[in-house]
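J.: One structure, as structure tokens, below. Some questions next.
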2 protein chains.
Amino acid sequence: MPDYIDKTPRHCIGCQCMSSMFSLLTHEELMMVDANKIHVHFKAGETIKKQGTYMSHVLSVNTGLAKLYLEGLEGHSAILRIVKPTNFIGGPGIFHDQRHHFSITALLDASVCFIDLQVFKSILQSNKAFSEEFMKDFSRDILTVYNRLIYLTQKQMPGRMADALLYLHDEIFQRLKFPMIISRFELSELSAMSRESAVKLLRDFQKEGLIRISDHELEILDLDSLRKISHIG
Amino acid sequence: MPDYIDKTPRHCIGCQCMSSMFSLLTHEELMMVDANKIHVHFKAGETIKKQGTYMSHVLSVNTGLAKLYLEGLEGHSAILRIVKPTNFIGGPGIFHDQRHHFSITALLDASVCFIDLQVFKSILQSNKAFSEEFMKDFSRDILTVYNRLIYLTQKQMPGRMADALLYLHDEIFQRLKFPMIISRFELSELSAMSRESAVKLLRDFQKEGLIRISDHELEILDLDSLRKISHIG
DNA sequence: GCACAAAAATGATAAATATCAACTTTTATC
DNA sequence: GATAAAAGTTGATATTTATCATTTTTGTGC
């Protein structure tokens, strides 16, 4: 017996959980997607996609949260972004080599639709508006990576940690108090530092009254100061 | 009187210097590109494109070499890659906001064609094979950035410098001895470290007999050791 | 060839960051 | 509820890296 009831409808038609770009599809195209999709539930902690594997489908996250990360050297990972509903996940493998170039792991229980890649690509070619929207989404992802490259290589640890927290605030939860869905270790993977350094910085931020962490919740107490730390790097 | 004679033909038809993807165009499409392109020569050191400016054209580098870099914080830049003939340069701005998200500066005298963005986009939509090839190129660029993100954040300086030199060897010159077209400072921007650290690492590499620098030429003496340094990070 | 500017090189020092070795708390499991 | 496992915490220490001040070399224009 599952511990929660999935509200996602069985079919794509009328589904409120699909990535917004799919609203540009015709009824027929959506039917085609529907007929060639697989809908799967993941428990928190489960691997949704593993870097390096064959890309048979593209993904749309219906509910839950997940981390999208590059598996790097000697077991170290770099979290590229947190995936939330109703994000689309494709990646450069669609056109390059039909492989996944990042891994995705559920942070919370998540419901994900897997859409057949060939069907997806054929719709890309037939539907101009859809393809345009897809390219925009793709491009935004790239700009995110540009941004991360700069701030991870040009800022010091306090600035990077501030950025990580501000990312969670600005992009994921949009409120000052949010559940600590990611561990200290994952926070260190998001800000390119050691686990211990991440812990110490969070402690410092708490001491200075910038944040408060309790009961698996993080509250930003001084957003301005956090932005200042991010800014000065 | 120019100090060199440009071998690039006046017109795109029959041009050997255009990015390979353009060979997929029909005669008519190529005529359209030709009628809507601007051909410009740059001297070494000149800025070809400035980050943040309006993207009216996409670029194809006919001759010369250039650096493509992100302008980051407080005047610091991160060189993403060296552009060589006959590379195509588009970028996420094509679909996102019609702006350039990186700067490009000529390292050697360079001849560059600027192709009208709207014409380019319309051909993207009409020519399936061309669009497929463009997407492949686009995707390769992204994988390069993924790769750089990992190695710049997870390797130490010696590994990063080794990677920079191996990049020049493997991707740009494909031979052990090549002209030092980029300064120590630019080498430091390619490997995310301070100018002084770059200088010292090159000295160390020379002392250890891995490389030799003289007369504006760099020669890799021990490729295997360099790869080992890159590997151990 | 000389004057000047830019780039490169150097060593000393300071700052940033990781690592290590404990230890504590929390979470999961039977 | 006992126990193990995982996550979090801490301070000491070592390592990595940047910065600074200065010198040397190289390139450029006259």
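We label chains A, B, ... in the order they appear in the structure tokens, count residues from 1 in each chain, and number ligands from 1 in the order shown.
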Find the spatial neighbours of Gly75 in chain A, counting only C-alpha atoms (C1' of nucleotides), within a cut-off of 12 Å - ignore same-chain residues fewer than 4 positions away - and output them as a tab-separated table (two decimals) with C-alpha atoms, in the first residue's frame.
T.:
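Result written to part27.tsv:
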chain	number	residue	atom	x	y	z
A	69	TYR	CA	24.13	16.41	-10.86
A	70	LEU	CA	27.32	15.68	-12.74
A	71	GLU	CA	29.30	12.74	-11.47
A	189	GLU	CA	28.12	19.44	-3.67
B	150	ILE	CA	33.98	19.44	-13.21
B	154	GLN	CA	37.40	19.25	-8.62
J.: Output the contact residues of chain B with respect to chain D at a cut-off of 12 Å, based on only C-alpha atoms (C1' of nucleotides), as a list in words.
T.: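 So the residues of chain B near chain D are Lys155, Gln156, Met157, Pro158, Ala192, Met193, Ser194, Arg195, Glu196, Ser197, Ala198, Lys200, Leu201, Asp215 and His216 of chain B.
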J.: Got a sec to pull out which chain C residues are within 12 Å of chain B, counting only C-alpha atoms (C1' of nucleotides), and send them as an MDAnalysis selection string?
T.: chainID C and resid 6:11 17:18
J.: Set the cut-off to 10 Å and count only C-alpha atoms: what are the residues of chain B that reach chain A? Output as a PyMOL selection string.
T.: chain B and resi 70-74+76-78+80+91-97+101-102+125-126+128+131-143+145-155+191-193+231-233
J.: Would you give me, as a PyMOL selection string, the residues in chain B that DSSP reads as strand (DSSP E)?
T.: chain B and resi 37-42+47-49+57-63+66-71+77-83+88-89+103-106+110-116+177-179+211-214+217-220
J.: For a test of reading the model, state the distance in Å between CA of Val61 in chain A and CA of Pro179 in chain A, rounded to one decimal.
T.: 19.4 Å
J.: Find the residues around Phe120 in chain A up to 9 Å (only C-alpha atoms (C1' of nucleotides) counted), leave out those fewer than 5 positions away in its own chain, and share them as a PyMOL selection string.
T.: chain A and resi 33+57-58+115+125
J.: With all heavy atoms retained, export the selected residues as a short mmCIF file (atom, residue, chain, number, x, y, z; two decimals), in the first residue's frame.
T.:
data_model
loop_
_atom_site.label_atom_id
_atom_site.label_comp_id
_atom_site.auth_asym_id
_atom_site.auth_seq_id
_atom_site.Cartn_x
_atom_site.Cartn_y
_atom_site.Cartn_z
N VAL A 33 2.16 11.41 -27.42
CA VAL A 33 3.00 11.42 -26.22
C VAL A 33 2.41 10.45 -25.19
O VAL A 33 3.11 9.61 -24.62
CB VAL A 33 3.10 12.84 -25.62
CG1 VAL A 33 3.68 12.79 -24.20
CG2 VAL A 33 3.96 13.73 -26.51
N HIS A 57 14.36 7.86 -23.21
CA HIS A 57 13.24 8.77 -22.97
C HIS A 57 13.74 10.11 -22.46
O HIS A 57 14.84 10.20 -21.91
CB HIS A 57 12.31 8.17 -21.90
CG HIS A 57 11.66 6.90 -22.30
ND1 HIS A 57 12.33 5.70 -22.36
CD2 HIS A 57 10.37 6.64 -22.67
CE1 HIS A 57 11.49 4.74 -22.74
NE2 HIS A 57 10.30 5.28 -22.95
N VAL A 58 12.92 11.12 -22.62
CA VAL A 58 13.14 12.38 -21.91
C VAL A 58 12.16 12.41 -20.74
O VAL A 58 11.21 11.63 -20.71
CB VAL A 58 12.95 13.61 -22.83
CG1 VAL A 58 14.05 13.67 -23.87
CG2 VAL A 58 11.58 13.59 -23.48
N ILE A 115 9.07 10.11 -21.50
CA ILE A 115 8.48 10.23 -22.84
C ILE A 115 9.44 9.70 -23.88
O ILE A 115 10.62 10.11 -23.90
CB ILE A 115 8.14 11.71 -23.11
CG1 ILE A 115 7.12 12.20 -22.09
CG2 ILE A 115 7.63 11.90 -24.54
CD1 ILE A 115 7.26 13.65 -21.75
N GLN A 125 10.20 18.26 -34.55
CA GLN A 125 10.36 18.64 -35.95
C GLN A 125 9.06 19.10 -36.59
O GLN A 125 9.08 19.90 -37.52
CB GLN A 125 10.95 17.47 -36.74
CG GLN A 125 12.39 17.22 -36.32
CD GLN A 125 13.13 16.33 -37.29
OE1 GLN A 125 12.52 15.49 -37.96
NE2 GLN A 125 14.44 16.50 -37.37
#
J.: Go ahead and compute the interatomic distance for CA of Asp222 in chain A and CA of Ile181 in chain A, in Å to one decimal.
T.: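 Taking CA of Asp222 in chain A as the start and CA of Ile181 in chain A as the end point, the length is 20.5 Å.
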J.: Have a look at C1' of DC2 in chain C and CA of Gly45 in chain B and let me know their distance in Å, one decimal.
T.: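 Taking C1' of DC2 in chain C and CA of Gly45 in chain B, their separation equals 26.6 Å.
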J.: Skipping near chain neighbours, those fewer than 5 positions away, what residues fall within 9 Å of Met31 in chain B using only C-alpha atoms (C1' of nucleotides), listed as a ChimeraX atom specification?
T.: /B:11-13,26,36
J.: Go ahead and save the picked residues with N, CA, C and O atoms, as a compact mmCIF listing (two decimals), in the first residue's frame.
T.:
# COMPACT_ATOMS: atom_id res chain seq x y z
N HIS B 11 32.25 35.22 -51.92
CA HIS B 11 30.92 34.65 -51.75
C HIS B 11 30.97 33.29 -51.06
O HIS B 11 31.99 32.60 -51.08
N CYS B 12 29.85 32.92 -50.46
CA CYS B 12 29.77 31.67 -49.71
C CYS B 12 29.86 30.46 -50.63
O CYS B 12 30.35 29.40 -50.24
N ILE B 13 29.35 30.60 -51.85
CA ILE B 13 29.37 29.46 -52.76
C ILE B 13 30.82 29.12 -53.09
O ILE B 13 31.57 29.95 -53.58
N THR B 26 21.00 23.92 -49.10
CA THR B 26 20.74 23.89 -50.53
C THR B 26 21.41 25.10 -51.17
O THR B 26 21.82 26.03 -50.47
N ASN B 36 23.05 37.75 -46.95
CA ASN B 36 22.80 38.34 -45.63
C ASN B 36 23.94 38.13 -44.65
O ASN B 36 23.73 37.96 -43.47
